[in-house]
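> File follows, model39.cif with mmCIF, C-alpha atoms:
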```cif
data_final
loop_
_atom_site.label_atom_id
_atom_site.label_comp_id
_atom_site.auth_asym_id
_atom_site.auth_seq_id
_atom_site.Cartn_x
_atom_site.Cartn_y
_atom_site.Cartn_z
CA MET A 433 -29.52 -6.75 -24.84
CA LEU A 434 -32.95 -8.30 -25.40
CA ARG A 435 -31.33 -11.20 -27.26
CA PHE A 436 -28.91 -11.70 -24.40
CA LEU A 437 -31.69 -11.75 -21.78
CA PHE A 438 -33.74 -14.15 -23.87
CA ALA A 439 -30.78 -16.50 -24.26
CA PHE A 440 -29.98 -16.24 -20.56
CA PHE A 441 -33.42 -17.17 -19.28
CA VAL A 442 -33.98 -19.87 -21.90
CA CYS A 443 -30.58 -21.52 -21.62
CA VAL A 444 -29.85 -21.42 -17.88
CA PRO A 445 -32.39 -24.19 -17.06
CA LEU A 446 -30.69 -26.38 -19.68
CA ILE A 447 -27.17 -25.86 -18.38
CA VAL A 448 -27.38 -28.66 -15.82
CA SER A 449 -27.54 -31.13 -18.71
CA CYS A 450 -24.22 -29.75 -19.98
CA SER A 451 -22.37 -30.45 -16.73
CA ALA A 452 -19.37 -32.70 -16.91
CA ASN A 453 -19.81 -36.27 -15.70
CA ILE A 454 -16.73 -36.85 -13.56
CA ALA A 455 -16.13 -40.51 -12.75
CA LEU A 456 -13.43 -39.85 -10.16
CA LYS A 457 -15.45 -39.90 -6.94
CA GLY A 458 -14.55 -40.38 -3.31
CA GLU A 459 -16.45 -40.73 -0.06
CA ILE A 460 -18.29 -37.49 0.76
CA LEU A 461 -18.09 -36.26 4.35
CA HIS A 462 -19.37 -33.07 5.97
CA PRO A 463 -17.35 -31.94 9.00
CA LYS A 464 -18.77 -28.98 10.87
CA THR A 465 -16.88 -25.83 11.85
CA SER A 466 -16.95 -24.40 15.37
CA ASP A 467 -19.33 -21.67 14.14
CA GLY A 468 -21.79 -24.22 12.73
CA TRP A 469 -21.02 -24.38 9.00
CA ASP A 470 -20.90 -27.65 7.08
CA LEU A 471 -17.84 -28.22 4.89
CA THR A 472 -17.23 -30.95 2.33
CA LEU A 473 -14.30 -33.34 2.39
CA GLU A 474 -14.08 -35.88 -0.42
CA HIS A 475 -11.85 -38.76 0.65
CA PHE A 476 -9.60 -40.64 -1.77
CA PRO A 477 -7.59 -43.33 0.05
CA PRO A 478 -4.27 -44.58 -1.33
CA LEU A 479 -4.62 -47.06 -4.17
CA GLN A 480 -4.16 -50.71 -3.23
CA GLY A 481 -0.64 -51.95 -3.68
CA THR A 482 0.98 -48.56 -3.09
CA SER A 483 3.37 -47.72 -0.28
CA ASN A 484 1.38 -45.55 2.13
CA LYS A 485 2.96 -42.22 2.96
CA LYS A 486 3.58 -40.73 6.39
CA TYR A 487 1.02 -37.92 6.38
CA PRO A 488 -2.37 -37.47 4.69
CA VAL A 489 -2.87 -34.67 2.15
CA ILE A 490 -5.50 -31.95 2.41
CA LEU A 491 -6.02 -30.39 -1.03
CA CYS A 492 -7.79 -27.01 -1.06
CA HIS A 493 -9.33 -25.05 -3.94
CA GLY A 494 -9.05 -21.35 -4.72
CA PHE A 495 -11.17 -18.19 -4.86
CA ILE A 496 -14.47 -18.18 -6.84
CA ALA A 497 -14.25 -21.97 -7.04
CA ASN A 498 -15.29 -25.28 -5.55
CA ARG A 499 -13.23 -28.48 -5.33
CA ILE A 500 -14.32 -30.00 -8.67
CA TYR A 501 -11.64 -28.52 -10.93
CA LEU A 502 -8.92 -30.20 -8.86
CA LYS A 503 -10.20 -33.59 -10.05
CA ILE A 504 -11.75 -32.61 -13.39
CA ASN A 505 -8.88 -34.23 -15.32
CA GLU A 506 -9.76 -37.51 -13.62
CA LYS A 507 -6.87 -39.99 -14.06
CA SER A 508 -4.57 -37.11 -15.02
CA SER A 509 -5.61 -34.94 -12.05
CA ILE A 510 -3.48 -34.08 -9.07
CA VAL A 511 -5.89 -36.11 -6.91
CA ALA A 512 -5.32 -39.28 -8.95
CA HIS A 513 -1.54 -38.73 -9.05
CA LEU A 514 -1.38 -38.42 -5.27
CA GLN A 515 -3.54 -41.53 -4.81
CA LYS A 516 -1.32 -43.57 -7.12
CA GLU A 517 1.71 -42.45 -5.14
CA GLY A 518 0.26 -43.79 -1.87
CA TYR A 519 -1.17 -40.62 -0.35
CA ASP A 520 -4.39 -40.49 1.64
CA VAL A 521 -6.09 -37.54 -0.10
CA TRP A 522 -8.78 -35.30 1.40
CA LEU A 523 -10.23 -32.86 -1.13
CA LEU A 524 -11.61 -29.88 0.80
CA GLU A 525 -14.51 -27.64 -0.17
CA LEU A 526 -14.97 -24.53 1.95
CA ARG A 527 -18.23 -23.18 3.36
CA GLY A 528 -21.02 -21.82 1.21
CA LYS A 529 -20.70 -24.34 -1.64
CA GLN A 530 -23.51 -26.49 -3.04
CA GLU A 531 -22.34 -29.91 -1.88
CA ALA A 532 -22.79 -29.05 1.81
CA GLY A 533 -25.88 -26.92 1.20
CA SER A 534 -25.87 -23.48 -0.40
CA PRO A 535 -26.67 -20.51 1.86
CA SER A 536 -29.81 -18.47 1.36
CA LEU A 537 -29.56 -15.16 -0.47
CA PHE A 538 -31.85 -13.22 1.86
CA TRP A 539 -32.86 -15.09 5.02
CA GLY A 540 -32.35 -18.23 7.09
CA ASP A 541 -29.68 -19.52 9.47
CA LYS A 542 -27.00 -19.45 6.78
CA THR A 543 -26.60 -16.59 4.30
CA PHE A 544 -23.64 -15.42 2.20
CA ASP A 545 -22.19 -13.61 5.20
CA TYR A 546 -18.59 -14.75 5.58
CA SER A 547 -15.10 -13.64 4.63
CA ILE A 548 -11.74 -15.14 3.72
CA ASP A 549 -10.91 -14.85 7.43
CA ASP A 550 -13.67 -17.36 8.16
CA TYR A 551 -12.02 -19.77 5.74
CA ILE A 552 -8.70 -19.16 7.50
CA LYS A 553 -9.82 -19.34 11.12
CA GLN A 554 -12.75 -21.74 10.96
CA ASP A 555 -12.78 -23.91 7.84
CA ALA A 556 -9.08 -24.79 7.58
CA ASP A 557 -8.98 -25.53 11.30
CA ALA A 558 -12.04 -27.80 11.14
CA ALA A 559 -10.68 -29.68 8.12
CA ILE A 560 -7.30 -30.35 9.73
CA GLN A 561 -8.93 -31.39 12.99
CA TYR A 562 -11.28 -33.80 11.22
CA VAL A 563 -8.58 -35.44 9.09
CA LEU A 564 -6.23 -35.91 12.04
CA LYS A 565 -8.98 -37.40 14.19
CA THR A 566 -10.12 -39.74 11.40
CA THR A 567 -6.65 -40.92 10.35
CA GLY A 568 -4.98 -40.94 13.77
CA LYS A 569 -2.05 -38.98 12.35
CA GLU A 570 -0.34 -36.09 14.11
CA LYS A 571 0.08 -33.82 11.09
CA VAL A 572 -1.04 -33.27 7.49
CA ASN A 573 0.47 -32.18 4.20
CA TRP A 574 -1.41 -29.14 2.88
CA ILE A 575 -1.59 -28.43 -0.85
CA GLY A 576 -3.46 -25.27 -1.78
CA HIS A 577 -4.14 -23.77 -5.18
CA SER A 578 -4.51 -19.97 -5.27
CA MET A 579 -6.51 -18.90 -2.19
CA GLY A 580 -6.21 -22.47 -0.90
CA GLY A 581 -2.53 -21.76 -0.32
CA MET A 582 -3.19 -18.28 1.05
CA LEU A 583 -5.18 -19.81 3.91
CA GLN A 584 -2.02 -21.51 5.15
CA TYR A 585 0.12 -18.42 4.58
CA ALA A 586 -2.13 -16.82 7.20
CA ARG A 587 -2.45 -19.78 9.55
CA LEU A 588 1.23 -20.71 9.56
CA GLY A 589 2.57 -17.17 9.63
CA SER A 590 0.09 -15.31 11.83
CA LEU A 591 -2.00 -17.85 13.77
CA GLY A 592 0.60 -20.34 14.97
CA GLU A 593 -0.66 -23.38 13.05
CA ASN A 594 1.51 -26.37 14.06
CA ARG A 595 -0.33 -29.35 12.57
CA VAL A 596 0.95 -28.94 9.00
CA ALA A 597 4.12 -30.94 8.26
CA ASN A 598 4.72 -29.82 4.67
CA PHE A 599 3.10 -27.06 2.64
CA VAL A 600 2.70 -26.70 -1.14
CA ALA A 601 1.33 -23.39 -2.47
CA ILE A 602 0.35 -23.45 -6.16
CA GLY A 603 -0.12 -20.00 -7.70
CA SER A 604 -0.94 -18.50 -4.28
CA PRO A 605 -0.36 -14.71 -4.20
CA ALA A 606 0.71 -12.78 -1.13
CA ILE A 607 1.25 -9.34 -2.62
CA MET A 608 -0.18 -7.61 -5.69
CA ASP A 609 2.01 -4.59 -6.17
CA PRO A 610 1.31 -3.67 -8.86
CA PRO A 611 -1.75 -5.73 -9.89
CA SER A 612 -2.34 -6.47 -13.56
CA ASP A 613 -4.63 -4.26 -15.66
CA ALA A 614 -7.08 -7.17 -15.91
CA LEU A 615 -7.21 -7.47 -12.11
CA LYS A 616 -7.78 -3.73 -11.75
CA LEU A 617 -10.65 -4.07 -14.22
CA TRP A 618 -12.15 -6.89 -12.15
CA SER A 619 -11.79 -4.72 -9.07
CA SER A 620 -13.60 -1.82 -10.75
CA PHE A 621 -16.80 -3.91 -10.80
CA THR A 622 -17.04 -4.24 -7.01
CA TRP A 623 -19.79 -1.60 -6.94
CA LEU A 624 -22.08 -4.26 -8.44
CA MET A 625 -22.07 -5.97 -5.04
CA ASN A 626 -24.48 -3.29 -3.85
CA LEU A 627 -27.13 -4.69 -6.19
CA TRP A 628 -27.27 -8.28 -4.89
CA PRO A 629 -26.64 -10.18 -1.61
CA ALA A 630 -23.77 -12.12 -3.22
CA VAL A 631 -21.69 -12.01 -6.39
CA PRO A 632 -23.48 -14.44 -8.78
CA THR A 633 -20.30 -15.83 -10.33
CA GLN A 634 -21.71 -19.35 -10.37
CA THR A 635 -24.75 -18.32 -12.41
CA TRP A 636 -22.61 -16.28 -14.83
CA SER A 637 -20.14 -19.10 -15.35
CA GLU A 638 -22.79 -21.80 -15.80
CA PHE A 639 -24.36 -19.65 -18.50
CA ARG A 640 -20.96 -19.14 -20.13
CA GLY A 641 -20.10 -22.85 -19.97
CA GLY A 642 -23.49 -24.09 -21.08
CA THR A 643 -23.97 -21.69 -24.01
CA GLY A 644 -20.45 -20.67 -24.99
CA LEU A 645 -21.54 -17.03 -24.84
CA PRO A 646 -19.08 -14.88 -22.85
CA ILE A 647 -20.48 -12.66 -20.09
CA PHE A 648 -17.29 -10.57 -20.04
CA PRO A 649 -14.56 -10.03 -22.63
CA LYS A 650 -12.12 -12.95 -22.69
CA LYS A 651 -9.11 -10.69 -23.08
CA SER A 652 -9.90 -8.66 -19.98
CA PHE A 653 -11.31 -11.31 -17.66
CA GLU A 654 -10.72 -14.95 -18.55
CA GLU A 655 -7.00 -14.41 -19.12
CA VAL A 656 -6.70 -13.69 -15.39
CA PHE A 657 -7.57 -17.30 -14.63
CA TRP A 658 -5.78 -19.26 -17.35
CA HIS A 659 -3.67 -19.16 -20.49
CA ALA A 660 -6.17 -20.50 -23.03
CA PRO A 661 -3.68 -22.26 -25.37
CA ASN A 662 -2.52 -24.33 -22.39
CA ILE A 663 -5.93 -25.80 -21.44
CA GLU A 664 -8.17 -28.12 -23.44
CA PRO A 665 -11.46 -26.41 -24.43
CA LYS A 666 -13.53 -29.21 -22.86
CA ILE A 667 -11.77 -28.61 -19.53
CA VAL A 668 -12.52 -24.88 -19.77
CA SER A 669 -16.18 -25.69 -20.41
CA GLY A 670 -16.21 -28.12 -17.48
CA ILE A 671 -14.71 -25.52 -15.17
CA PHE A 672 -17.40 -23.01 -16.13
CA THR A 673 -20.30 -25.44 -15.68
CA ASP A 674 -19.09 -27.33 -12.59
CA SER A 675 -16.29 -25.54 -10.77
CA ILE A 676 -17.20 -21.87 -10.21
CA ALA A 677 -18.89 -20.87 -6.96
CA THR A 678 -20.93 -17.90 -5.77
CA VAL A 679 -18.83 -15.35 -3.86
CA SER A 680 -19.96 -13.57 -0.71
CA LYS A 681 -19.68 -9.79 -0.54
CA ARG A 682 -17.29 -9.93 2.38
CA GLU A 683 -14.83 -12.32 0.76
CA ALA A 684 -14.99 -10.32 -2.49
CA ARG A 685 -14.27 -7.09 -0.61
CA GLN A 686 -11.41 -8.70 1.30
CA MET A 687 -9.86 -9.89 -1.95
CA ASP A 688 -10.42 -6.45 -3.45
CA LYS A 689 -8.46 -4.94 -0.56
CA ILE A 690 -5.48 -7.10 -1.55
CA VAL A 691 -5.66 -5.60 -5.05
CA GLU A 692 -6.11 -2.10 -3.62
CA THR A 693 -3.39 -2.20 -0.94
CA GLY A 694 -1.06 -4.75 -2.49
CA GLN A 695 -0.93 -6.77 0.76
CA PHE A 696 -2.75 -9.89 1.98
CA ARG A 697 -4.43 -8.76 5.19
CA SER A 698 -7.28 -9.64 7.55
CA GLU A 699 -10.78 -8.35 6.92
CA ASP A 700 -10.45 -5.69 9.61
CA GLY A 701 -6.97 -4.71 8.38
CA LYS A 702 -5.34 -5.36 11.76
CA LEU A 703 -3.29 -8.36 10.63
CA ILE A 704 -1.09 -8.11 7.56
CA TYR A 705 -0.61 -11.77 6.77
CA SER A 706 1.96 -11.09 4.07
CA GLN A 707 4.34 -9.55 6.62
CA ALA A 708 4.50 -12.60 8.91
CA PHE A 709 6.08 -15.21 6.63
CA GLY A 710 9.24 -15.22 8.70
CA ASN A 711 7.27 -17.29 11.24
CA ILE A 712 6.81 -20.13 8.75
CA LYS A 713 9.51 -22.69 9.57
CA ILE A 714 8.21 -25.88 7.93
CA PRO A 715 9.21 -27.15 4.44
CA VAL A 716 7.49 -25.12 1.71
CA LEU A 717 7.22 -25.65 -2.05
CA LEU A 718 6.00 -22.65 -4.07
CA VAL A 719 4.75 -23.36 -7.61
CA ALA A 720 4.43 -20.43 -10.02
CA GLY A 721 3.50 -19.93 -13.68
CA ARG A 722 5.15 -17.23 -15.78
CA ARG A 723 1.80 -16.13 -17.28
CA ASP A 724 -0.08 -16.28 -13.97
CA LYS A 725 -1.94 -12.99 -13.52
CA LEU A 726 -3.18 -13.80 -10.02
CA GLY A 727 -0.34 -15.71 -8.39
CA PHE A 728 2.28 -13.51 -10.00
CA THR A 729 5.80 -14.92 -10.18
CA TYR A 730 7.09 -11.84 -8.33
CA SER A 731 4.54 -12.50 -5.56
CA LEU A 732 5.70 -16.11 -5.11
CA ARG A 733 9.29 -14.87 -5.13
CA TYR A 734 8.38 -12.43 -2.36
CA VAL A 735 6.99 -15.31 -0.28
CA TYR A 736 10.13 -17.35 -0.91
CA ASP A 737 12.40 -14.51 0.21
CA GLN A 738 10.37 -13.82 3.37
CA LEU A 739 9.94 -17.43 4.55
CA GLY A 740 11.67 -18.36 7.78
CA SER A 741 12.07 -21.96 6.63
CA ALA A 742 15.49 -23.39 5.79
CA ASP A 743 13.74 -25.91 3.52
CA LYS A 744 12.05 -23.89 0.78
CA THR A 745 11.78 -24.28 -3.00
CA LEU A 746 10.46 -22.00 -5.75
CA PHE A 747 9.41 -23.88 -8.89
CA VAL A 748 8.56 -21.68 -11.92
CA LEU A 749 6.97 -23.11 -15.08
CA SER A 750 7.98 -21.22 -18.20
CA LYS A 751 9.18 -21.91 -21.71
CA GLY A 752 12.49 -20.36 -20.77
CA LYS A 753 12.99 -23.17 -18.25
CA GLY A 754 12.23 -25.85 -20.82
CA PHE A 755 8.52 -26.40 -20.23
CA SER A 756 5.92 -26.66 -22.98
CA GLU A 757 4.24 -23.35 -22.09
CA ASP A 758 4.40 -20.28 -19.90
CA TYR A 759 1.80 -21.49 -17.40
CA GLY A 760 -1.18 -19.39 -16.30
CA HIS A 761 -3.07 -19.52 -13.00
CA THR A 762 -5.33 -22.55 -13.36
CA ASP A 763 -3.05 -24.19 -15.94
CA LEU A 764 -0.90 -25.20 -12.98
CA VAL A 765 -3.49 -27.82 -11.99
CA VAL A 766 -5.49 -28.49 -15.20
CA GLY A 767 -3.05 -27.58 -17.98
CA LYS A 768 -2.56 -29.85 -20.98
CA LYS A 769 0.72 -31.20 -19.61
CA ALA A 770 0.30 -30.51 -15.89
CA ASP A 771 0.40 -34.25 -15.21
CA ASP A 772 3.80 -34.48 -16.91
CA GLU A 773 5.33 -31.14 -15.97
CA VAL A 774 3.81 -30.00 -12.65
CA PHE A 775 2.61 -32.94 -10.57
CA PRO A 776 5.79 -35.09 -10.73
CA THR A 777 7.82 -32.26 -9.14
CA ILE A 778 5.22 -31.75 -6.40
CA ILE A 779 5.07 -35.48 -5.64
CA HIS A 780 8.85 -35.92 -5.72
CA TRP A 781 9.19 -33.00 -3.30
CA LEU A 782 6.52 -34.48 -0.98
CA ASN A 783 8.00 -37.98 -1.12
CA LYS A 784 11.34 -36.76 0.16
CA ARG A 785 9.56 -35.38 3.25
CA ASN A 786 7.05 -38.20 3.82
#
```
What would you get if you wrote out this structure as C-alpha cells?

Amino acid sequence: MLRFLFAFFVCVPLIVSCSANIALKGEILHPKTSDGWDLTLEHFPPLQGTSNKKYPVILCHGFIANRIYLKINEKSSIVAHLQKEGYDVWLLELRGKQEAGSPSLFWGDKTFDYSIDDYIKQDADAAIQYVLKTTGKEKVNWIGHSMGGMLQYARLGSLGENRVANFVAIGSPAIMDPPSDALKLWSSFTWLMNLWPAVPTQTWSEFRGGTGLPIFPKKSFEEVFWHAPNIEPKIVSGIFTDSIATVSKREARQMDKIVETGQFRSEDGKLIYSQAFGNIKIPVLLVAGRRDKLGFTYSLRYVYDQLGSADKTLFVLSKGKGFSEDYGHTDLVVGKKADDEVFPTIIHWLNKRN
C-alpha cells in the first residue's frame, strides 16, 4: 500500500506529459444551458469538395467520459469519416467536463451536483438548439455512444423531442436484466461515494494511463468497457489519460439504479424511459457488439422490438456475422477495424436518409 501511495503522488503530476497529442481539432464553442451550465461543442465542418448532407450531426459521448475518445483515432475516427462524407459534425461534451470549466468539489456556483436527467433535459436540448440556430437547419442527426444514445431514448420517447431527424445509438443500453457480474461488482462500490463529493474516475484513469498500474483488476472492471484484443494498446492508454471524466454522485446513483432495477428511469423514479420507446417514430439505427457488457445485445434487441418506428435497423458486430471480432463496448467506436467494419454501415444508413 505504501508503494502504491508513493507511486500515486509522485506520478500523477507527471501524467499530463503522457497525454495524447490529438491533431484532429475543430472550432471550440461553449453554448450555455437554460440552468446556466457551459457545454462544449467542437465543430468539424464538411471537408471541401464533398457533397454537403441535409442535416448536421451531433455526436455525443458516453458515461464516465468526455468527447475526446470519439476523435482519438484521428483520420480513422468516426468524426473524420463523417466529415469526409460531407456531414457538418458537432462533437458534444456535456456539463462538468474540463474544457468548459470543471466544477468545484466543495463550494462555488458550480459543483458536481447534477444527474443524467440534467444531461437529458438541459444539455441535449441546449446543444440541439445551438446547432439549429447556427446552421439554420430544422433538424439534426443524433449519434450517441453509450449514454449519449440513452439521452435520446429519453428525449424522443418520454419528452416529445421533435428536432431529431435520424438517430443512431451505438452500444446504448435501455435495460440491464440481468446485469453482468462485472457490472454488479462496479455497483457494489457505490458506498465509496460517501467519502468524496464526486467519484474521482478521472484521477484514477489518468494514473492508470500515465503509469500503466491498474487501480482495479482488469478482468473485473476494464472488460466492462472494451474487449482488449480489439483495441490498440496506445488507444487504451490515450483513453485513460485523456478521455475519462469525473462522475457526480447523482449521475452515478442514477446509473446504479439502472443496474439495480434493470430499467432506465428518471432520477426520481417517476419516468421509466425504457417503457416509452413506442413513442419513437423516426428512423433509428441500433449498433451492438456481441461482447458488450454495458450495451448488451439483448438490451439493444429490446429497444428494437419496442420502437414505434417503421424504419429501424439492428446491426450486431460479431465473428458469427463475419466480422473480425466480437466487439465490446468502446470497440464500437475505437476498435482496430471500426473504420472498416462499423463506420461504413452507419454512414451508408445516414446517407440514405440525408
> So which residues touch range 497-502 of chain A within 7 Å, counting all atoms listed in the file, skipping near sequence neighbours fewer than 6 positions away, as a ChimeraX atom specification?
/A:509-511,523-525,529,671,674-677,765
> Filtering to C-alpha atoms, could you give me those residues as a compact mmCIF listing (two decimals), in the coordinates of the input?

```
# COMPACT_ATOMS: atom_id res chain seq x y z
CA SER A 509 -5.61 -34.94 -12.05
CA ILE A 510 -3.48 -34.08 -9.07
CA VAL A 511 -5.89 -36.11 -6.91
CA LEU A 523 -10.23 -32.86 -1.13
CA LEU A 524 -11.61 -29.88 0.80
CA GLU A 525 -14.51 -27.64 -0.17
CA LYS A 529 -20.70 -24.34 -1.64
CA ILE A 671 -14.71 -25.52 -15.17
CA ASP A 674 -19.09 -27.33 -12.59
CA SER A 675 -16.29 -25.54 -10.77
CA ILE A 676 -17.20 -21.87 -10.21
CA ALA A 677 -18.89 -20.87 -6.96
CA VAL A 765 -3.49 -27.82 -11.99
```
> Hey, which of A:Ala630, A:Leu537, A:Ile602, A:Leu471 ends up closest to Ile560 in chain A? Count only C-alpha atoms.
A:Leu471
> Check which residues satisfy the PyMOL selection byres ((chain A and resi 607) around 12) in the file shown, then give them as a ChimeraX atom specification.
/A:582,585,603-606,608-612,687,689-697,704-707,709,725-735,738
> Taking every listed atom of range 569-582 of chain A and adding 5 Å to each side, what centre and edge lengths in Å (one decimal) does the axis-aligned box have, as lines of an AutoDock Vina configuration file?

```
center_x = -3.0
center_y = -28.6
center_z = 4.4
size_x = 17.0
size_y = 30.7
size_z = 29.4
```
> Please identify all polymer residues within 10 Å of Glu474 in chain A, counting only C-alpha atoms, omitting same-chain residues fewer than 3 positions from it, and present them as a list in words.
Lys457, Gly458, Glu459, Ile460, Leu461, His462, Pro477, Ile490, Leu491, Arg499, Val521, Trp522, Leu523, Leu524 and Glu525 of chain A
> Using the chain letters and numbers from the file, which residues does the PyMOL selection byres ((chain A and resi 547-550) around 8) grab, as a list in words?
Asp545, Tyr546, Tyr551, Ile552, Lys553, Gln554, Asp555, Ser680, Lys681, Arg682, Glu683, Ala684, Gln686, Met687, Ser698 and Glu699 of chain A
> Given the selection you just returned, output its residues as a file containing C-alpha atoms, formatted as a short mmCIF file (atom, residue, chain, number, x, y, z; two decimals), keeping the file's coordinate frame.

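And here is the file that came out, selection-v5.cif:
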```
data_model
loop_
_atom_site.label_atom_id
_atom_site.label_comp_id
_atom_site.auth_asym_id
_atom_site.auth_seq_id
_atom_site.Cartn_x
_atom_site.Cartn_y
_atom_site.Cartn_z
CA ASP A 545 -22.19 -13.61 5.20
CA TYR A 546 -18.59 -14.75 5.58
CA TYR A 551 -12.02 -19.77 5.74
CA ILE A 552 -8.70 -19.16 7.50
CA LYS A 553 -9.82 -19.34 11.12
CA GLN A 554 -12.75 -21.74 10.96
CA ASP A 555 -12.78 -23.91 7.84
CA SER A 680 -19.96 -13.57 -0.71
CA LYS A 681 -19.68 -9.79 -0.54
CA ARG A 682 -17.29 -9.93 2.38
CA GLU A 683 -14.83 -12.32 0.76
CA ALA A 684 -14.99 -10.32 -2.49
CA GLN A 686 -11.41 -8.70 1.30
CA MET A 687 -9.86 -9.89 -1.95
CA SER A 698 -7.28 -9.64 7.55
CA GLU A 699 -10.78 -8.35 6.92
#
```
> A:Thr633, A:Ser750, A:Thr678, A:Ser756: which is nearest Thr543 in chain A, counting only C-alpha atoms?
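Checking each candidate against Thr543 in chain A, we get A:Thr678 as the closest.
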> Could you work out how far CA of Gln515 in chain A lies from CA of Phe476 in chain A, giving the answer in Å with one decimal?
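About the pair CA of Phe476 in chain A and CA of Gln515 in chain A: they are 6.8 Å apart.
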> Starting from the displayed file, determine the output of the PyMOL selection byres ((chain A and resi 713) around 9) and express the residue list as a PyMOL selection string.
chain A and resi 588-589+709-712+714-716+739-743
> Please indicate the distance in Å from CA of His493 in chain A to CA of Thr567 in chain A, rounded to one decimal place.
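Going from CA of His493 in chain A over to CA of Thr567 in chain A covers 21.5 Å.
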> So the first atom is CA of Gly754 in chain A and the second is CA of Glu664 in chain A; what is the distance between them in Å, to one decimal place?
20.7 Å
> Given the choices A:Lys702, A:Lys486, A:Arg785, A:His761, which gets closest to Met579 in chain A if the distance is worked out from only C-alpha atoms?
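Nearest candidate to Met579 in chain A out of A:Lys702, A:Lys486, A:Arg785, A:His761: A:His761.
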> Can you work out which one of A:Val766, A:Leu456, A:Ile575, A:Leu746 has the shortest atom-to-atom distance to Ala512 in chain A, counting all atoms listed in the file?
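So, comparing all the options, the nearest one is A:Leu456.
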> Which residues come within 8 Å of Val748 in chain A, counting all atoms listed in the file, excluding same-chain residues fewer than 6 positions away, as a list in words?
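Counting all atoms listed in the file, the residues come to Val719, Ala720, Gly721, Arg722 and Thr729 of chain A.
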> Kindly indicate which residue among A:Trp628, A:Tyr562, A:Trp469, A:Trp574 lies nearest to Tyr519 in chain A, using all atoms listed in the file for the distances.
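Closest candidate: A:Trp574.
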> Under the rule that all atoms listed in the file are counted, which of A:Ala770, A:Thr777, A:Phe495, A:Asn505 is the nearest residue to Gly581 in chain A?
A:Phe495
